[in-house]
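Working notes, beginning with the structure itself.
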Amino acid sequence: MSQENGYHEIPMWAHVAEQDWEDWHWQLRNRITGVDQLKSWFPLTPSEEEAARRTQGRLVMAIPPYWASLMDPHDPQCPIRRQCIPTMEEFDVREHDRLDPCGEDGDMPVPGLVHRYPDRVLFLVTEQCAMYCRHCTRRRLVGTTSRGLMTSANYEATFAYLRAHPEVRDVLISGGDPLMLTESRLEKILAGLRAIPSIEFIRIGSRTPVTMPQRVTPEFCELLKRYKPIWMSVHFCHPKEVTPRLAQAMDMLADSGVPLGSQTVLLRGINDDPAVMKRLMQELLKVRVRPYYIYQCDPAQGISHFRTSVDAGVKILEALRGHTTGYAVPTFVVDGPGGGGKIPIAPNYVVQYEDGVMTLRNYAGETYEYHEPEEVQAPSAPAPIRPLDGLLQPPRVRRRRAS
Ligand SMILES: *Cc1c(COP(=O)(O)O)cnc(C)c1O
Ligand code: SF4
């Protein structure tokens with residue numbers, strides 16, 4: 001608890017009682033939304049200052065005190081700080097950037113309900129979040145109430161759609177952040193979904209346990225227990241986010257029988273270093289979160305400065321697989337721009353296939369020959385095409401030592 005109780009050292013909150021600090025409503029009410037609050041604490045860069053003034057109205061700056069207390073006020077490159085304070089780079093729109101990079105708006109049979117895959121849907125229930133992440137891919141919807149997609153009428157229309165589509169067996173509740181809703185509103189959604197016999201399980205996607213762990217209250221955990229099975233995917237980007245206070249929130253969820261997975265956006269200069277990502281994945285296992293996805297950062301407008309190469313993601317997976325437990329290895333995906341859905345990209349471990357002999361390399365770069373039985377052999381195929389360095393170049397292999 002030492003780290004976050006360090007808030008007493010921040011002048012703005014020096015006199016805040018523990019009880020207030022631990023109240024999520026206090027955290028929400030006291031979010032930093034103005035440049036002057038930040039400037040009274042530490043100097044902003046000119047780019048941060050101008051951007052924070054300009055983003056009013058669209059994906060506004062809003063930083064819960066808990067998250068702010070993790071920031072390094074002396075380092076503009078601090079990964080916590082870069083995720084919450086805008087910079088002028090957000091106004092740099094590139095040729096292939098899109099407002100709706102994953103083509104979600106085109107796959108909505110009901111406003112707020114994305115039905116893309118055969119047996120599951122994404123249900124956007126709010127446009128609010130505890131903190132607005134500067135790398136948000138859904139910035140067209142989030143942090144504004146102007147679209148009014150997520151109304152009670154739309155919830156009812158969603159339940160009706162799902163009753164008419166029994167092939168849907170799994171609902172992923174997201175937004176915005178579902179944890180911004182009150183327990184009673186959440187309960188209406190969960191009860192509505194549970195009343196549909198074809199819905200086998202429910203998932204909640206959220207970032208709030210990380211940006212404002214105070215939201216994970218005993219009442220919230222009781223609610224999840226009542227509507228089990230509910231799984232949670234929690235959005236983490238950096239090992240600094242895994243604090244003792246976060247661990248407490250994860251403990252409460254895991255002890256309530258909620259299986260926890262993670263989603264991580266690959267961000268340039270924040271977590272695109274294999275050592276940083278490995279540390280994050282290992283920290284997650286310690287708090288009972290199973291790494292699920294690493295996302296290539298989508299070409300949403302104004303986040304190019306956070307995007308890195310796809311190859312950087314492949315190299316991260318290479319650095320994980322075999323070097324640490326398989327439980328720490330998530331799937332790396334690119335969301336096909338315009339509506340292709342999640343496309344997995346993995347390092348290639350097949351060096352060659354010829355006459356039923358597959359030449360494989362292991363994590364250490366040593367090669368091994370695997371012989372298939374004759375009756376199942378495929379015609380000889382050329383080595384798979386590898387379009388990227390590390391993916392398409394012949395892999396770095398070492399001859400196996402004679403045993
Ligand atoms: C990510 C996503 C899902 C869930 O996909 P899983 O691979 O099952 O986690 C469902 N619908 C949409 C539109 C999504 O983007
Ligand atoms: S919590 Fe999720 S939806 Fe909200 S701003 Fe962050 S990335 Fe976007």
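Labels for the structure tokens follow display order: chains A, B, ..., residues from 1 in each chain, ligands from 1.
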Distance table requested - chain A against ligand 1, cut-off 9 Å, only C-alpha atoms and all ligand atoms: one row per qualifying residue with the closest atom pair and its distance in Å to one decimal, ordered by chain and rising residue number, as a tab-separated table.
```
residue	atom	partner	partner_atom_place_in_ligand_line	distance
A:Cys102	CA	ligand 1	15 (O)	7.6
A:Gly103	CA	ligand 1	13 (C)	8.9
A:Glu104	CA	ligand 1	13 (C)	6.6
A:Asp107	CA	ligand 1	13 (C)	8.0
A:Leu113	CA	ligand 1	13 (C)	8.5
A:Val114	CA	ligand 1	13 (C)	5.3
A:His115	CA	ligand 1	13 (C)	6.1
A:Arg116	CA	ligand 1	13 (C)	5.3
A:Tyr117	CA	ligand 1	11 (N)	6.1
A:Asp119	CA	ligand 1	10 (C)	8.8
A:Arg120	CA	ligand 1	10 (C)	5.7
A:Val121	CA	ligand 1	11 (N)	4.8
A:Leu122	CA	ligand 1	11 (N)	4.5
A:Phe123	CA	ligand 1	11 (N)	8.3
A:Asp170	CA	ligand 1	8 (O)	8.2
A:Val171	CA	ligand 1	10 (C)	7.8
A:Leu172	CA	ligand 1	10 (C)	6.5
A:Arg203	CA	ligand 1	9 (O)	9.0
A:Ser233	CA	ligand 1	9 (O)	8.7
A:Tyr292	CA	ligand 1	9 (O)	8.3
A:Tyr293	CA	ligand 1	9 (O)	8.2
A:Asp335	CA	ligand 1	15 (O)	7.8
A:Gly339	CA	ligand 1	13 (C)	8.4
A:Gly341	CA	ligand 1	15 (O)	6.2
A:Lys342	CA	ligand 1	1 (C)	6.6
```
Could you tell me, counting only C-alpha atoms and all ligand atoms, which protein and nucleic acid residues lie no more than 8 Å from ligand 2, written as a VMD selection string?
chain A and resid 59 127 to 139 142 to 143 174 to 177 206 to 208 235
Same residues, C-alpha atoms, output as a PDB file, in the first residue's frame:
```pdb
ATOM      1  CA  LEU A  59     -11.770  12.545 -25.511  1.00  0.00           C
ATOM      2  CA  GLU A 127     -19.395   6.271 -23.463  1.00  0.00           C
ATOM      3  CA  GLN A 128     -17.858   7.208 -20.111  1.00  0.00           C
ATOM      4  CA  CYS A 129     -14.545   6.015 -18.628  1.00  0.00           C
ATOM      5  CA  ALA A 130     -12.775   6.683 -15.348  1.00  0.00           C
ATOM      6  CA  MET A 131      -9.783   7.961 -17.315  1.00  0.00           C
ATOM      7  CA  TYR A 132      -9.531   8.805 -20.990  1.00  0.00           C
ATOM      8  CA  CYS A 133      -6.560   6.966 -22.439  1.00  0.00           C
ATOM      9  CA  ARG A 134      -4.720   9.002 -25.001  1.00  0.00           C
ATOM     10  CA  HIS A 135      -4.330   5.896 -27.181  1.00  0.00           C
ATOM     11  CA  CYS A 136      -8.055   5.038 -27.173  1.00  0.00           C
ATOM     12  CA  THR A 137      -9.146   3.387 -30.415  1.00  0.00           C
ATOM     13  CA  ARG A 138     -12.808   4.160 -29.733  1.00  0.00           C
ATOM     14  CA  ARG A 139     -12.171   7.877 -29.273  1.00  0.00           C
ATOM     15  CA  VAL A 142     -15.802   7.884 -25.881  1.00  0.00           C
ATOM     16  CA  GLY A 143     -15.628  10.853 -23.541  1.00  0.00           C
ATOM     17  CA  SER A 174     -17.693  -2.804 -23.061  1.00  0.00           C
ATOM     18  CA  GLY A 175     -17.863   0.891 -23.899  1.00  0.00           C
ATOM     19  CA  GLY A 176     -16.475   3.284 -22.713  1.00  0.00           C
ATOM     20  CA  ASP A 177     -16.184   1.471 -19.461  1.00  0.00           C
ATOM     21  CA  SER A 206     -12.799  -2.723 -18.367  1.00  0.00           C
ATOM     22  CA  ARG A 207      -9.860  -0.460 -17.661  1.00  0.00           C
ATOM     23  CA  THR A 208     -11.261   0.988 -14.442  1.00  0.00           C
ATOM     24  CA  HIS A 235      -6.837  -3.384 -19.967  1.00  0.00           C
TER      25      HIS A 235
END
```
Shortest contact to Asn154 (chain A), candidates A:Ile85, A:Ala319, A:Met232, A:Val110, atoms counted only C-alpha atoms, goes to A:Val110
A straight line from CA of Glu167 (chain A) to CA of Leu193 (chain A) spans 14.0 Å
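When CA of Arg268 (chain A) is paired with CA of Ser309 (chain A), their separation reads 8.8 Å.
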Find, counting only C-alpha atoms, the residue in A:Gly6, A:Pro330, A:Gly112, A:Pro101 that gets nearest to Ala68 (chain A).
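Once distances to Ala68 (chain A) are computed over only C-alpha atoms, the minimum belongs to A:Gly6.
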Tell me, as a PDB file with N, CA and C atoms, in the first residue's frame, which residues lie within 9 Å of region 294-303 of chain A, counting only C-alpha atoms; anything in the same chain fewer than 4 positions away does not count.
```pdb
ATOM      1  N   GLU A  89       0.704  15.907 -30.650  1.00  0.00           N
ATOM      2  CA  GLU A  89       0.777  14.841 -31.658  1.00  0.00           C
ATOM      3  C   GLU A  89      -0.614  14.253 -31.950  1.00  0.00           C
ATOM      4  N   GLU A  90      -1.540  14.416 -31.007  1.00  0.00           N
ATOM      5  CA  GLU A  90      -2.902  13.905 -31.234  1.00  0.00           C
ATOM      6  C   GLU A  90      -3.616  14.626 -32.374  1.00  0.00           C
ATOM      7  N   PHE A  91      -3.083  15.760 -32.764  1.00  0.00           N
ATOM      8  CA  PHE A  91      -3.732  16.514 -33.846  1.00  0.00           C
ATOM      9  C   PHE A  91      -3.104  16.226 -35.204  1.00  0.00           C
ATOM     10  N   ASP A  92      -2.172  15.282 -35.186  1.00  0.00           N
ATOM     11  CA  ASP A  92      -1.510  14.877 -36.429  1.00  0.00           C
ATOM     12  C   ASP A  92      -2.296  13.707 -37.016  1.00  0.00           C
ATOM     13  N   VAL A  93      -3.074  13.986 -38.072  1.00  0.00           N
ATOM     14  CA  VAL A  93      -3.895  12.933 -38.695  1.00  0.00           C
ATOM     15  C   VAL A  93      -3.195  12.457 -39.957  1.00  0.00           C
ATOM     16  N   ARG A  94      -2.947  11.155 -40.039  1.00  0.00           N
ATOM     17  CA  ARG A  94      -2.212  10.589 -41.170  1.00  0.00           C
ATOM     18  C   ARG A  94      -3.164  10.090 -42.255  1.00  0.00           C
ATOM     19  N   HIS A  96      -3.837   7.264 -43.727  1.00  0.00           N
ATOM     20  CA  HIS A  96      -4.667   6.065 -43.610  1.00  0.00           C
ATOM     21  C   HIS A  96      -5.397   5.970 -42.276  1.00  0.00           C
ATOM     22  N   ASP A  97      -5.357   7.035 -41.493  1.00  0.00           N
ATOM     23  CA  ASP A  97      -6.076   7.030 -40.213  1.00  0.00           C
ATOM     24  C   ASP A  97      -7.576   7.052 -40.472  1.00  0.00           C
ATOM     25  N   ARG A  98      -8.311   6.434 -39.550  1.00  0.00           N
ATOM     26  CA  ARG A  98      -9.765   6.411 -39.695  1.00  0.00           C
ATOM     27  C   ARG A  98     -10.410   6.816 -38.378  1.00  0.00           C
ATOM     28  N   LEU A  99     -11.628   7.323 -38.488  1.00  0.00           N
ATOM     29  CA  LEU A  99     -12.396   7.643 -37.281  1.00  0.00           C
ATOM     30  C   LEU A  99     -12.799   6.351 -36.579  1.00  0.00           C
ATOM     31  N   ASP A 100     -13.190   5.369 -37.395  1.00  0.00           N
ATOM     32  CA  ASP A 100     -13.693   4.099 -36.871  1.00  0.00           C
ATOM     33  C   ASP A 100     -12.811   2.993 -37.443  1.00  0.00           C
ATOM     34  N   PRO A 101     -11.583   2.839 -36.909  1.00  0.00           N
ATOM     35  CA  PRO A 101     -10.589   1.980 -37.561  1.00  0.00           C
ATOM     36  C   PRO A 101     -11.036   0.521 -37.696  1.00  0.00           C
ATOM     37  N   CYS A 102     -11.816   0.026 -36.737  1.00  0.00           N
ATOM     38  CA  CYS A 102     -12.186  -1.389 -36.789  1.00  0.00           C
ATOM     39  C   CYS A 102     -13.533  -1.597 -37.477  1.00  0.00           C
ATOM     40  N   ARG A 134      -5.077   8.235 -23.808  1.00  0.00           N
ATOM     41  CA  ARG A 134      -4.720   9.002 -25.001  1.00  0.00           C
ATOM     42  C   ARG A 134      -4.607   8.114 -26.232  1.00  0.00           C
ATOM     43  N   HIS A 135      -4.473   6.798 -26.032  1.00  0.00           N
ATOM     44  CA  HIS A 135      -4.330   5.896 -27.181  1.00  0.00           C
ATOM     45  C   HIS A 135      -5.657   5.230 -27.539  1.00  0.00           C
ATOM     46  N   CYS A 136      -6.764   5.721 -26.991  1.00  0.00           N
ATOM     47  CA  CYS A 136      -8.055   5.038 -27.173  1.00  0.00           C
ATOM     48  C   CYS A 136      -8.410   4.875 -28.653  1.00  0.00           C
ATOM     49  N   THR A 137      -8.766   3.663 -29.035  1.00  0.00           N
ATOM     50  CA  THR A 137      -9.146   3.387 -30.415  1.00  0.00           C
ATOM     51  C   THR A 137     -10.604   3.763 -30.672  1.00  0.00           C
ATOM     52  N   ARG A 138     -11.388   3.842 -29.584  1.00  0.00           N
ATOM     53  CA  ARG A 138     -12.808   4.160 -29.733  1.00  0.00           C
ATOM     54  C   ARG A 138     -13.066   5.625 -29.392  1.00  0.00           C
ATOM     55  N   ARG A 139     -12.075   6.469 -29.669  1.00  0.00           N
ATOM     56  CA  ARG A 139     -12.171   7.877 -29.273  1.00  0.00           C
ATOM     57  C   ARG A 139     -13.300   8.595 -29.997  1.00  0.00           C
ATOM     58  N   ARG A 140     -13.811   8.022 -31.100  1.00  0.00           N
ATOM     59  CA  ARG A 140     -14.932   8.664 -31.781  1.00  0.00           C
ATOM     60  C   ARG A 140     -16.190   8.642 -30.917  1.00  0.00           C
ATOM     61  N   SER A 262      -6.217 -10.319 -19.555  1.00  0.00           N
ATOM     62  CA  SER A 262      -5.730  -8.963 -19.816  1.00  0.00           C
ATOM     63  C   SER A 262      -5.809  -8.644 -21.298  1.00  0.00           C
ATOM     64  N   GLN A 263      -5.900  -7.367 -21.591  1.00  0.00           N
ATOM     65  CA  GLN A 263      -5.743  -6.861 -22.948  1.00  0.00           C
ATOM     66  C   GLN A 263      -4.746  -5.726 -22.853  1.00  0.00           C
ATOM     67  N   THR A 264      -3.802  -5.707 -23.792  1.00  0.00           N
ATOM     68  CA  THR A 264      -2.738  -4.715 -23.772  1.00  0.00           C
ATOM     69  C   THR A 264      -2.599  -4.135 -25.167  1.00  0.00           C
ATOM     70  N   VAL A 265      -2.517  -2.826 -25.258  1.00  0.00           N
ATOM     71  CA  VAL A 265      -2.273  -2.199 -26.555  1.00  0.00           C
ATOM     72  C   VAL A 265      -0.769  -1.955 -26.668  1.00  0.00           C
ATOM     73  N   LEU A 266      -0.206  -2.393 -27.790  1.00  0.00           N
ATOM     74  CA  LEU A 266       1.226  -2.189 -28.027  1.00  0.00           C
ATOM     75  C   LEU A 266       1.462  -0.709 -28.321  1.00  0.00           C
ATOM     76  N   LEU A 267       2.242  -0.038 -27.484  1.00  0.00           N
ATOM     77  CA  LEU A 267       2.395   1.413 -27.573  1.00  0.00           C
ATOM     78  C   LEU A 267       3.865   1.800 -27.673  1.00  0.00           C
ATOM     79  N   ARG A 307       1.859   4.350 -32.362  1.00  0.00           N
ATOM     80  CA  ARG A 307       1.919   3.113 -33.133  1.00  0.00           C
ATOM     81  C   ARG A 307       3.352   2.729 -33.459  1.00  0.00           C
ATOM     82  N   THR A 308       3.603   1.411 -33.420  1.00  0.00           N
ATOM     83  CA  THR A 308       4.910   0.907 -33.791  1.00  0.00           C
ATOM     84  C   THR A 308       4.710  -0.157 -34.874  1.00  0.00           C
ATOM     85  N   SER A 309       5.772  -0.822 -35.286  1.00  0.00           N
ATOM     86  CA  SER A 309       5.643  -1.807 -36.372  1.00  0.00           C
ATOM     87  C   SER A 309       4.992  -3.087 -35.855  1.00  0.00           C
ATOM     88  N   VAL A 310       4.366  -3.806 -36.765  1.00  0.00           N
ATOM     89  CA  VAL A 310       3.812  -5.117 -36.425  1.00  0.00           C
ATOM     90  C   VAL A 310       4.957  -6.043 -36.012  1.00  0.00           C
ATOM     91  N   GLY A 313       5.751  -6.303 -32.405  1.00  0.00           N
ATOM     92  CA  GLY A 313       4.885  -7.208 -31.646  1.00  0.00           C
ATOM     93  C   GLY A 313       5.332  -8.660 -31.795  1.00  0.00           C
ATOM     94  N   PRO A 330       0.391 -14.050 -24.400  1.00  0.00           N
ATOM     95  CA  PRO A 330      -0.928 -13.770 -24.962  1.00  0.00           C
ATOM     96  C   PRO A 330      -0.901 -13.987 -26.474  1.00  0.00           C
ATOM     97  N   THR A 331      -2.041 -13.762 -27.121  1.00  0.00           N
ATOM     98  CA  THR A 331      -2.102 -13.788 -28.581  1.00  0.00           C
ATOM     99  C   THR A 331      -1.923 -12.357 -29.067  1.00  0.00           C
ATOM    100  N   PHE A 332      -1.094 -12.192 -30.081  1.00  0.00           N
ATOM    101  CA  PHE A 332      -0.872 -10.859 -30.658  1.00  0.00           C
ATOM    102  C   PHE A 332      -1.790 -10.721 -31.864  1.00  0.00           C
ATOM    103  N   VAL A 333      -2.606  -9.671 -31.887  1.00  0.00           N
ATOM    104  CA  VAL A 333      -3.569  -9.523 -32.985  1.00  0.00           C
ATOM    105  C   VAL A 333      -3.535  -8.127 -33.606  1.00  0.00           C
ATOM    106  N   VAL A 334      -3.818  -8.120 -34.904  1.00  0.00           N
ATOM    107  CA  VAL A 334      -4.061  -6.869 -35.623  1.00  0.00           C
ATOM    108  C   VAL A 334      -5.547  -6.877 -35.949  1.00  0.00           C
ATOM    109  N   ASP A 335      -6.256  -5.816 -35.630  1.00  0.00           N
ATOM    110  CA  ASP A 335      -7.662  -5.747 -36.006  1.00  0.00           C
ATOM    111  C   ASP A 335      -7.697  -5.304 -37.459  1.00  0.00           C
ATOM    112  N   GLY A 336      -8.240  -6.131 -38.338  1.00  0.00           N
ATOM    113  CA  GLY A 336      -8.240  -5.842 -39.772  1.00  0.00           C
ATOM    114  C   GLY A 336      -8.965  -4.531 -40.042  1.00  0.00           C
ATOM    115  N   PRO A 337      -8.258  -3.477 -40.504  1.00  0.00           N
ATOM    116  CA  PRO A 337      -8.888  -2.165 -40.656  1.00  0.00           C
ATOM    117  C   PRO A 337     -10.147  -2.235 -41.518  1.00  0.00           C
ATOM    118  N   LYS A 342     -10.188  -9.533 -35.419  1.00  0.00           N
ATOM    119  CA  LYS A 342      -8.855  -9.785 -34.872  1.00  0.00           C
ATOM    120  C   LYS A 342      -8.131 -10.844 -35.710  1.00  0.00           C
TER     121      LYS A 342
END
```
Got a sec: who's within 9 Å of Pro111 (chain A), counting only C-alpha atoms, leaving out chain neighbours fewer than 6 positions off, as a list in words?
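Contacts, with the query itself left out: Asp105, Leu124, Leu149, Met150, Asn154, Ala157 and Thr158 of chain A.
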For C-alpha atoms, I'd like the residues from the last selection saved as a PDB file, in the first residue's frame.
```pdb
ATOM      1  CA  ASP A 105     -20.246   1.336 -36.798  1.00  0.00           C
ATOM      2  CA  LEU A 124     -21.216  -0.951 -25.823  1.00  0.00           C
ATOM      3  CA  LEU A 149     -25.958   5.527 -28.474  1.00  0.00           C
ATOM      4  CA  MET A 150     -26.167   3.911 -25.121  1.00  0.00           C
ATOM      5  CA  ASN A 154     -31.083   0.573 -26.975  1.00  0.00           C
ATOM      6  CA  ALA A 157     -33.498  -3.355 -28.447  1.00  0.00           C
ATOM      7  CA  THR A 158     -30.290  -5.312 -27.805  1.00  0.00           C
TER       8      THR A 158
END
```
